[in-house]
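Structure file model.txt; described as compact mmCIF, C-alpha atoms.
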```
# COMPACT_ATOMS: atom_id res chain seq x y z
CA MET E 282 -5.74 -8.38 28.28
CA GLU E 283 -7.12 -11.27 26.30
CA GLU E 284 -10.82 -11.72 26.64
CA GLY E 285 -13.65 -12.59 24.30
CA ALA E 286 -12.97 -10.96 20.99
CA ILE E 287 -9.78 -9.31 22.22
CA ILE E 288 -6.85 -11.44 21.12
CA LYS E 289 -3.10 -11.09 21.23
CA ASN E 290 -0.62 -11.84 18.52
CA ASP E 291 0.68 -15.36 18.98
CA LEU E 292 2.89 -16.53 16.15
CA LYS E 293 2.26 -20.16 17.04
CA LYS E 294 -1.37 -19.77 15.97
CA ALA E 295 -0.42 -18.12 12.69
CA PRO E 296 -1.27 -19.93 9.46
CA LYS E 297 1.99 -21.24 8.04
CA THR E 298 1.91 -19.33 4.81
CA GLY E 299 5.23 -20.88 3.82
CA ASP E 300 3.23 -23.82 2.47
CA TRP E 301 1.46 -21.66 -0.11
CA GLY E 302 4.02 -21.31 -2.83
CA TYR E 303 5.67 -23.87 -5.04
CA LEU E 304 8.65 -21.64 -5.82
CA LYS E 305 11.26 -20.75 -3.23
CA PRO E 306 13.71 -17.86 -3.46
CA GLU E 307 17.41 -18.62 -3.33
CA VAL E 308 20.07 -15.96 -2.77
CA ASP E 309 23.34 -16.24 -4.65
CA PRO E 310 26.11 -14.82 -2.41
CA ALA E 311 28.32 -14.41 -5.48
CA LYS E 312 25.91 -11.80 -6.83
CA CYS E 313 24.26 -10.19 -3.76
CA ILE E 314 25.63 -6.69 -3.14
CA GLY E 315 23.76 -6.17 0.14
CA CYS E 316 21.67 -3.22 -1.07
CA GLU E 317 18.59 -4.27 0.97
CA THR E 318 16.13 -3.38 -1.79
CA CYS E 319 14.30 -6.69 -1.42
CA VAL E 320 13.90 -6.37 2.36
CA ARG E 321 11.20 -3.72 2.44
CA PHE E 322 9.25 -4.92 -0.56
CA CYS E 323 8.77 -8.45 0.82
CA PRO E 324 5.08 -8.66 1.80
CA ASP E 325 5.81 -11.12 4.57
CA ALA E 326 9.00 -9.53 5.92
CA CYS E 327 10.87 -12.81 5.41
CA ILE E 328 14.18 -11.29 4.37
CA GLU E 329 16.83 -10.33 6.87
CA MET E 330 20.34 -9.03 6.28
CA LYS E 331 23.03 -11.11 8.00
CA LYS E 332 26.81 -11.07 8.13
CA ARG E 333 28.41 -13.26 5.48
CA ALA E 334 29.83 -16.55 6.70
CA ALA E 335 33.42 -17.47 5.79
CA GLU E 336 32.46 -19.73 2.89
CA GLU E 337 30.00 -17.12 1.61
CA LYS E 338 32.71 -14.46 1.74
CA GLU E 339 34.91 -16.65 -0.39
CA VAL E 340 32.50 -16.69 -3.31
CA SER E 341 31.39 -13.06 -2.89
CA GLN E 342 32.60 -10.31 -5.18
CA GLU E 343 35.61 -8.51 -3.79
CA ASN E 344 33.95 -5.17 -3.05
CA PHE E 345 31.00 -6.70 -1.27
CA ARG E 346 32.59 -9.23 1.07
CA GLU E 347 32.05 -7.05 4.12
CA LYS E 348 28.48 -6.15 3.11
CA GLU E 349 25.63 -8.08 4.68
CA LEU E 350 23.89 -10.82 2.74
CA ALA E 351 20.14 -11.25 2.24
CA HIS E 352 18.74 -14.32 4.01
CA VAL E 353 15.24 -15.57 3.25
CA ASP E 354 13.32 -17.27 6.04
CA LEU E 355 10.98 -19.69 4.30
CA GLU E 356 8.61 -20.23 7.25
CA PHE E 357 6.15 -17.59 6.03
CA CYS E 358 7.41 -17.05 2.46
CA LYS E 359 4.51 -17.36 0.01
CA GLY E 360 6.82 -17.67 -2.98
CA CYS E 361 5.47 -14.63 -4.81
CA GLY E 362 8.80 -13.78 -6.42
CA VAL E 363 8.76 -10.06 -5.68
CA CYS E 364 12.28 -10.20 -4.19
CA ALA E 365 13.70 -11.82 -7.34
CA GLU E 366 11.98 -9.18 -9.46
CA VAL E 367 13.17 -6.10 -7.53
CA CYS E 368 16.78 -7.29 -7.08
CA PRO E 369 18.91 -4.90 -9.17
CA VAL E 370 21.64 -7.52 -9.77
CA LYS E 371 19.39 -10.58 -10.13
CA ALA E 372 20.99 -12.31 -7.17
CA ILE E 373 17.73 -13.99 -6.15
CA SER E 374 16.25 -16.77 -8.25
CA MET E 375 13.03 -18.69 -7.75
CA LYS E 376 13.58 -22.45 -7.56
CA LYS E 377 11.17 -25.38 -7.30
CA MET V 244 11.69 -13.31 9.70
CA ASN V 245 12.86 -9.73 9.80
CA LYS V 246 12.62 -8.61 13.46
CA LYS V 247 12.58 -4.89 12.85
CA LEU V 248 9.94 -4.96 10.13
CA THR V 249 7.65 -7.26 12.09
CA GLU V 250 7.60 -5.15 15.26
CA LYS V 251 4.09 -3.90 14.51
CA LEU V 252 2.67 -6.26 11.90
CA ALA V 253 3.72 -9.89 12.21
CA PRO V 254 3.85 -12.36 9.33
CA GLY V 255 1.31 -15.16 9.12
CA HIS V 256 -1.32 -12.83 7.68
CA SER V 257 -3.15 -14.15 4.66
CA THR V 258 -2.78 -11.41 2.07
CA CYS V 259 -2.37 -12.90 -1.40
CA ALA V 260 1.14 -13.81 -2.47
CA GLY V 261 2.66 -10.69 -3.99
CA CYS V 262 0.35 -8.16 -2.29
CA GLY V 263 1.86 -4.79 -1.44
CA ILE V 264 -0.48 -3.82 1.41
CA PRO V 265 1.83 -5.15 4.19
CA ALA V 266 4.70 -3.11 2.74
CA ILE V 267 2.52 0.02 2.95
CA VAL V 268 1.47 -0.75 6.53
CA ARG V 269 5.03 -1.50 7.70
CA THR V 270 6.40 1.62 6.03
CA VAL V 271 3.74 3.95 7.47
CA LEU V 272 3.89 2.49 10.99
CA GLY V 273 7.68 2.33 10.83
CA ALA V 274 7.79 6.10 10.35
CA THR V 275 7.25 6.74 14.07
CA GLU V 276 8.71 5.46 17.32
CA ASP V 277 5.69 6.58 19.37
CA PRO V 278 3.00 4.16 20.52
CA ILE V 279 0.37 3.59 17.86
CA ILE V 280 -3.30 2.68 17.78
CA VAL V 281 -4.60 1.35 14.47
CA ALA V 282 -8.11 0.99 13.14
CA SER V 283 -9.03 -0.38 9.77
CA ALA V 284 -12.12 -0.20 7.63
CA THR V 285 -13.31 -3.54 6.35
CA GLY V 286 -11.23 -4.48 3.37
CA CYS V 287 -8.38 -6.68 2.23
CA LEU V 288 -6.11 -5.58 5.06
CA GLU V 289 -8.64 -6.22 7.78
CA VAL V 290 -9.90 -9.60 6.65
CA THR V 291 -6.44 -10.97 5.97
CA THR V 292 -4.70 -9.86 9.15
CA THR V 293 -7.35 -10.79 11.68
CA ILE V 294 -8.56 -14.30 10.97
CA TYR V 295 -9.80 -15.54 14.34
CA PRO V 296 -8.16 -16.89 16.51
CA TYR V 297 -5.02 -15.33 15.07
CA THR V 298 -4.17 -11.67 14.73
CA ALA V 299 -1.09 -10.40 12.93
CA TRP V 300 -1.24 -7.08 14.78
CA LYS V 301 1.22 -6.40 17.57
CA VAL V 302 -0.14 -2.88 18.13
CA PRO V 303 -3.67 -2.19 19.44
CA PHE V 304 -6.01 -2.72 16.50
CA ILE V 305 -9.71 -1.96 16.37
CA HIS V 306 -11.96 -3.98 14.11
CA ASN V 307 -14.52 -1.91 12.24
CA ALA V 308 -17.47 -2.07 9.95
CA PHE V 309 -16.99 -0.78 6.42
CA GLU V 310 -18.25 2.73 6.98
CA ASN V 311 -17.10 3.87 10.38
CA ALA V 312 -13.31 3.54 10.75
CA ALA V 313 -12.81 7.31 10.86
CA ALA V 314 -15.67 7.71 13.35
CA THR V 315 -14.12 5.06 15.60
CA MET V 316 -10.82 6.91 15.55
CA SER V 317 -12.60 10.17 16.42
CA GLY V 318 -13.82 8.42 19.56
CA VAL V 319 -10.37 7.12 20.41
CA GLU V 320 -8.93 10.58 20.00
CA ALA V 321 -11.59 12.15 22.23
CA ALA V 322 -10.97 9.44 24.85
CA GLN V 323 -7.24 10.10 24.76
CA LYS V 324 -7.84 13.80 25.32
CA ILE V 325 -9.93 13.29 28.44
CA LEU V 326 -7.62 10.59 29.83
CA LEU V 327 -4.71 12.96 29.41
CA LYS V 328 -6.64 15.73 31.15
CA LYS V 329 -7.45 13.45 34.07
CA GLY V 330 -3.83 12.35 34.26
CA LYS V 331 -4.57 8.69 33.56
CA ILE V 332 -2.19 8.57 30.61
CA LYS V 333 1.01 10.52 30.19
CA LYS V 334 1.31 10.64 26.45
CA LYS V 335 -1.02 10.42 23.50
CA ALA V 336 -0.56 7.56 21.07
CA LYS V 337 -0.40 8.23 17.35
CA LEU V 338 -3.62 7.23 15.64
CA VAL V 339 -3.61 5.65 12.21
CA VAL V 340 -6.56 4.45 10.14
CA PHE V 341 -6.14 2.20 7.14
CA GLY V 342 -8.89 1.92 4.58
CA GLY V 343 -9.16 0.55 1.08
CA ASP V 344 -10.54 2.66 -1.71
CA GLY V 345 -13.98 1.08 -1.25
CA GLY V 346 -14.01 1.93 2.47
CA THR V 347 -12.75 5.43 1.76
CA THR V 348 -14.10 6.80 -1.51
CA ASP V 349 -17.48 5.08 -1.35
CA ILE V 350 -18.73 3.57 1.86
CA GLY V 351 -16.63 5.34 4.49
CA LEU V 352 -16.65 8.79 2.92
CA GLN V 353 -19.25 10.33 5.20
CA SER V 354 -17.59 9.28 8.45
CA LEU V 355 -14.19 10.32 7.11
CA SER V 356 -15.56 13.69 6.03
CA GLY V 357 -17.08 14.19 9.47
CA ALA V 358 -13.89 13.29 11.29
CA LEU V 359 -11.81 15.59 9.09
CA GLU V 360 -14.23 18.46 9.56
CA ARG V 361 -14.17 18.05 13.34
CA GLY V 362 -10.38 18.23 13.21
CA HIS V 363 -9.44 15.06 15.10
CA ASP V 364 -5.74 14.38 15.31
CA PHE V 365 -5.18 11.24 13.24
CA LEU V 366 -3.69 9.97 10.01
CA TYR V 367 -5.92 8.30 7.45
CA VAL V 368 -4.15 6.08 4.93
CA CYS V 369 -6.14 4.94 1.91
CA TYR V 370 -4.53 2.12 -0.07
CA ASP V 371 -6.08 2.42 -3.49
CA ASN V 372 -6.33 -0.83 -5.43
CA GLY V 373 -9.25 0.43 -7.48
CA GLY V 374 -12.08 -1.84 -6.45
CA TYR V 375 -13.56 -4.24 -3.90
CA MET V 376 -10.81 -6.79 -4.22
CA ASN V 377 -11.47 -9.18 -1.34
CA THR V 378 -14.96 -9.92 -2.61
CA GLY V 379 -13.89 -10.62 -6.17
CA GLY V 380 -13.22 -7.27 -7.80
CA GLN V 381 -16.43 -5.24 -8.00
CA ARG V 382 -16.05 -1.69 -9.29
CA SER V 383 -15.64 1.18 -6.85
CA GLY V 384 -15.56 4.94 -7.24
CA ALA V 385 -11.78 4.68 -7.60
CA THR V 386 -11.73 2.10 -10.41
CA PRO V 387 -10.09 3.65 -13.47
CA TYR V 388 -11.94 4.31 -16.72
CA GLY V 389 -12.06 1.35 -19.10
CA ALA V 390 -11.19 -1.34 -16.53
CA ASP V 391 -12.93 -4.71 -16.65
CA THR V 392 -14.59 -5.41 -13.29
CA GLU V 393 -17.02 -7.99 -11.98
CA THR V 394 -19.95 -5.58 -11.84
CA GLU V 395 -19.05 -3.60 -14.95
CA PRO V 396 -17.58 -6.28 -17.22
CA ALA V 397 -16.12 -5.69 -20.64
CA GLY V 398 -17.82 -7.47 -23.53
CA LYS V 399 -19.86 -6.87 -26.64
CA GLU V 400 -21.96 -4.11 -25.11
CA SER V 401 -19.40 -2.31 -23.00
CA PHE V 402 -15.68 -1.62 -22.68
CA GLY V 403 -15.72 -1.92 -18.88
CA LYS V 404 -16.05 1.01 -16.53
CA VAL V 405 -17.62 3.95 -18.35
CA ARG V 406 -16.96 6.67 -15.78
CA GLN V 407 -13.69 8.32 -14.76
CA ARG V 408 -12.45 7.67 -11.23
CA LYS V 409 -13.20 10.10 -8.41
CA ASP V 410 -10.53 12.65 -7.58
CA LEU V 411 -10.29 11.70 -3.93
CA MET V 412 -7.38 14.05 -3.25
CA GLU V 413 -9.50 17.04 -4.24
CA ILE V 414 -12.45 15.83 -2.16
CA ILE V 415 -10.23 15.52 0.92
CA ASN V 416 -8.47 18.79 0.14
CA GLY V 417 -11.87 20.46 0.29
CA HIS V 418 -11.78 19.91 4.07
CA GLY V 419 -8.83 22.28 4.42
CA LEU V 420 -6.34 19.77 5.79
CA LYS V 421 -2.86 20.84 6.86
CA TYR V 422 -1.27 17.98 4.99
CA LEU V 423 -2.29 15.38 2.45
CA ALA V 424 -0.23 13.51 -0.10
CA GLN V 425 -0.40 11.00 -2.90
CA ALA V 426 2.20 8.21 -2.82
CA SER V 427 2.84 4.82 -4.36
CA VAL V 428 3.88 1.46 -2.95
CA GLY V 429 6.59 1.32 -5.61
CA ASN V 430 8.37 4.28 -3.98
CA LEU V 431 8.63 3.32 -0.32
CA ALA V 432 11.24 5.94 0.62
CA ASP V 433 8.89 8.66 -0.62
CA LEU V 434 5.98 7.06 1.25
CA GLU V 435 7.98 6.91 4.47
CA LYS V 436 8.93 10.57 4.21
CA LYS V 437 5.30 11.53 3.70
CA ALA V 438 4.09 9.31 6.54
CA ARG V 439 6.64 10.83 8.92
CA LYS V 440 5.54 14.33 7.98
CA ALA V 441 1.85 13.45 8.30
CA LEU V 442 2.28 11.80 11.71
CA GLU V 443 4.13 14.79 13.11
CA ILE V 444 1.44 17.26 12.17
CA GLU V 445 -1.27 17.98 14.73
CA GLY V 446 -4.74 17.54 13.27
CA PRO V 447 -6.12 15.28 10.56
CA THR V 448 -3.82 14.22 7.73
CA PHE V 449 -4.36 11.99 4.74
CA LEU V 450 -2.31 9.71 2.47
CA LEU V 451 -3.52 8.16 -0.76
CA VAL V 452 -1.28 5.24 -1.73
CA LEU V 453 -1.46 3.29 -4.98
CA GLN V 454 -1.64 -0.45 -4.32
CA PRO V 455 -1.72 -2.75 -7.37
CA CYS V 456 -3.74 -5.93 -6.87
CA THR V 457 -2.35 -9.12 -8.35
CA GLN V 458 -5.71 -10.92 -8.33
CA VAL V 459 -8.03 -8.43 -9.97
CA TRP V 460 -5.62 -6.31 -11.99
CA LYS V 461 -4.47 -9.70 -13.27
CA TYR V 462 -0.69 -9.74 -13.44
CA PRO V 463 1.87 -12.26 -12.14
CA THR V 464 2.41 -12.22 -8.35
CA SER V 465 5.99 -10.99 -8.69
CA GLN V 466 5.08 -7.73 -10.42
CA TYR V 467 3.51 -5.35 -7.91
CA VAL V 468 6.53 -3.09 -7.62
CA ASN V 469 6.98 -2.90 -11.40
CA VAL V 470 3.30 -2.11 -12.01
CA ALA V 471 3.30 0.59 -9.32
CA LYS V 472 6.46 2.12 -10.76
CA LEU V 473 5.02 2.10 -14.28
CA ALA V 474 1.92 3.91 -13.01
CA VAL V 475 4.20 6.68 -11.75
CA GLU V 476 6.39 6.76 -14.86
CA THR V 477 3.40 7.07 -17.22
CA ASN V 478 2.05 9.90 -15.03
CA PHE V 479 -1.06 7.84 -14.31
CA TRP V 480 -0.18 8.28 -10.64
CA PRO V 481 1.76 11.53 -10.07
CA LEU V 482 3.43 11.88 -6.67
CA TYR V 483 2.53 15.13 -4.95
CA GLU V 484 1.62 16.65 -1.62
CA ILE V 485 -0.59 19.50 -0.50
CA GLU V 486 0.62 21.40 2.53
CA ASP V 487 -1.58 24.21 3.87
CA GLY V 488 -3.28 24.39 0.48
CA LYS V 489 0.05 24.66 -1.38
CA TYR V 490 0.63 22.02 -4.05
CA LYS V 491 4.09 20.53 -4.24
CA ILE V 492 4.90 18.06 -6.97
CA ASN V 493 7.37 15.38 -5.87
CA TYR V 494 7.59 13.51 -9.13
CA ILE V 495 6.06 13.95 -12.54
CA ASN V 496 7.79 12.35 -15.49
CA GLU V 497 8.61 15.07 -17.99
CA ASN V 498 9.00 12.53 -20.78
CA PRO V 499 6.23 10.17 -19.76
CA LYS V 500 5.96 6.69 -21.18
CA PRO V 501 2.77 6.13 -23.18
CA ILE V 502 -0.11 4.89 -21.01
CA GLU V 503 -0.25 1.67 -23.06
CA GLU V 504 2.86 0.44 -21.26
CA PHE V 505 1.03 0.60 -17.94
CA LEU V 506 -2.23 -0.82 -19.30
CA LYS V 507 -0.51 -3.71 -21.09
CA THR V 508 0.84 -5.15 -17.85
CA GLN V 509 -2.66 -5.90 -16.61
CA GLY V 510 -5.34 -8.37 -17.63
CA ARG V 511 -8.15 -6.01 -16.64
CA PHE V 512 -7.30 -3.82 -19.66
CA LYS V 513 -6.71 -6.72 -22.07
CA HIS V 514 -9.95 -6.06 -23.99
CA LEU V 515 -8.73 -2.58 -24.95
CA PHE V 516 -5.93 -4.09 -27.03
CA LYS V 517 -7.81 -7.14 -28.33
CA ASN V 518 -10.82 -5.32 -29.73
CA PRO V 519 -10.01 -2.55 -32.27
CA ASP V 520 -13.33 -0.84 -31.42
CA ASN V 521 -11.89 -0.04 -27.99
CA GLN V 522 -8.92 1.96 -29.28
CA HIS V 523 -10.64 5.24 -28.37
CA VAL V 524 -10.71 4.19 -24.70
CA ILE V 525 -6.91 4.11 -24.55
CA GLY V 526 -6.84 7.56 -26.15
CA GLU V 527 -9.33 8.79 -23.59
CA ILE V 528 -7.26 7.43 -20.68
CA GLN V 529 -4.13 9.10 -22.11
CA ARG V 530 -6.01 12.38 -22.52
CA ALA V 531 -7.31 12.25 -18.93
CA VAL V 532 -3.80 11.54 -17.61
CA GLU V 533 -2.33 14.49 -19.49
CA GLU V 534 -5.14 16.79 -18.41
CA ASN V 535 -4.67 15.79 -14.78
CA VAL V 536 -0.93 16.44 -14.90
CA ALA V 537 -1.41 19.82 -16.61
CA ARG V 538 -3.92 20.79 -13.93
CA LEU V 539 -1.56 19.74 -11.15
CA VAL V 540 1.35 21.68 -12.61
CA LYS V 541 -0.83 24.76 -12.91
CA LYS V 542 -2.00 24.44 -9.32
CA SER V 543 1.56 24.03 -8.07
CA GLN V 544 2.53 27.22 -9.90
CA ILE V 545 -0.31 29.43 -8.67
CA SER V 546 -0.50 28.24 -5.05
```

structure tokens encoding of this file:
Amino acid sequence: MEEGAIIKNDLKKAPKTGDWGYLKPEVDPAKCIGCETCVRFCPDACIEMKKRAAEEKEVSQENFREKELAHVDLEFCKGCGVCAEVCPVKAISMKK
Amino acid sequence: MNKKLTEKLAPGHSTCAGCGIPAIVRTVLGATEDPIIVASATGCLEVTTTIYPYTAWKVPFIHNAFENAAATMSGVEAAQKILLKKGKIKKKAKLVVFGGDGGTTDIGLQSLSGALERGHDFLYVCYDNGGYMNTGGQRSGATPYGADTETEPAGKESFGKVRQRKDLMEIINGHGLKYLAQASVGNLADLEKKARKALEIEGPTFLLVLQPCTQVWKYPTSQYVNVAKLAVETNFWPLYEIEDGKYKINYINENPKPIEEFLKTQGRFKHLFKNPDNQHVIGEIQRAVEENVARLVKKSQIS
């Protein structure tokens, strides 16, 4: 039901908040241990855990090769830097 | 975009960069698999998630005025009851209200009090950022002592807010709720546990969640988790729950950090450190924190 003031979520109409920030997070697969701490603290739910690709596995630490890796989707990322701050191993850095 | 986290609240909302409110909402709503109906008092959450023609809500969401979110939910609950009786729906949805501290401690208090007294089955979540943040940071009943706000500014004549904040937990506890708890956005696992418990209980339940505000508390956007954690570690924000009148302390730091460490992270307390005349305010905040903790410990022992 979409009528008058009743509206439905439509992601296409969403403001692209990815344009807000001037810093972008970057995950270092060599450091990420797949603990998922950053995932829930991200205000825009931009971070998803994904299986490591072959070249990412190569650079990963031995014990964490099979663990999932944090991926940041920049479409709605406002560049606040919370993920870099909460990461216990400092695997996320904010880059211009 | 994380699919699981955005099942109920989509991205594209316009909360400030580094705001913790969406994390609170996703954690509370993620604590149940049942259908949910949400209402929200006017406040940061409402104005940022529902900018026409876009809505970030994927669950039914009812727009409210500042003072009547709890009253609206009372109506929804009564409607659900009669629809169930007539067989038009098979199952009740869980009802959740979100309100800021302005919409809860000040403006919405009477409708909340009424709804709690009538015993409607819903969960009220108050995210406490200590002021009217989306209009520029005016003081509210929940603003802490000594904070610099737009309507009670610090300067030559004053050190900021001159009154202690309201003890909202005690006000709500006065309604004889089955369950209410104080949580923090820095401890999401604890918040989720409390939300799950509150949603399972029949009857009104209440959560008070600390939510640091990057704009008005004045700290860098990346720091909300650290500030919230410091509030807990200095015992400024003890984590506890009250179940059937029994106090249970979840976390109180036995060797608390001095309150200065929490105050120093924020620009709204900068004047306390700059001006030597304001030293007594820090002492007063520390004293109030210690008194509050001692009172809580006592209550948990006798109840």

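Using only C-alpha atoms, the shortest contact distance between chain V and any of E:Cys361, E:Leu304, E:Val320, E:Ala311 is found at E:Cys361.
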
Considering only C-alpha atoms, return as a list of chain:residue names whatever protein or nucleic-acid residues lie within 12 Å of Gly318 (chain V), sequence-local ones (same chain, fewer than 2 positions apart) excluded.
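That gives V:Ala282, V:Ile305, V:Asn311, V:Ala312, V:Ala313, V:Ala314, V:Thr315, V:Met316, V:Glu320, V:Ala321, V:Ala322, V:Gln323, V:Lys324, V:Ile325, V:Leu338, V:Ser354, V:Ala358, V:Arg361, V:His363, V:Asp364, V:Phe365.
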
Distance of CA of Glu307 (chain E) from CA of Gly360 (chain E), expressed in Å to one decimal place
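Between CA of Gly360 (chain E) and CA of Glu307 (chain E) the gap is 10.6 Å.
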
Env of Ile314 (chain E): 10 Å cut, atoms = all atoms listed in the file, seq-sep filter 4 positions within chain, self excluded. Answer as a PyMOL selection string.
chain E and resi 309-310+341-342+344-351+368-370+372

Kindly extract all protein, DNA and RNA residues lying within 10 Å of the coordinates (9.7, -11.3, 12.8) given in the file, considering all atoms listed in the file, and supply them as a PyMOL selection string.
(chain E and resi 292+325-329+354+357) or (chain V and resi 244-255)

Nearest to chain E, chosen from V:Glu435, V:Asp349, V:Glu393, V:Glu310, with all atoms listed in the file counted in the distances:
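Checking each candidate against chain E, we get V:Glu435 as the closest.
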
Considering all atoms listed in the file, extract the chain E residues located within 10 Å of chain V and return them as a PyMOL selection string.
chain E and resi 286-299+301-302+320-330+352-367

Write out as a count of residues only the residues lying within 8 Å of Leu450 (chain V), counting all atoms listed in the file and excluding same-chain residues fewer than 2 positions away.
12

What does the structure give for the distance between CA of Gln353 (chain V) and CA of Leu451 (chain V), in Å to one decimal?
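That distance, rounded to one decimal, is 17.0 Å.
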
Mind pulling up the distance from CA of Gln529 (chain V) to CA of Gly389 (chain V)?
11.5 Å

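Here the question is which of V:Pro278, V:Gly488, V:Gly419, V:Gly343 gets nearest to Gln454 (chain V) using all atoms listed in the file, and that residue is V:Gly343.
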
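With all atoms listed in the file as the atoms that count, the residue of V:Leu506, V:Ala385, V:Leu352, V:Ile279 with the shortest distance to Lys335 (chain V) is V:Ile279.
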
Name the closest residue to Glu337 (chain E) among the candidates E:Val308, E:Glu283, E:Cys319, E:Lys377; distances are taken between atoms, counting all atoms listed in the file.
E:Val308
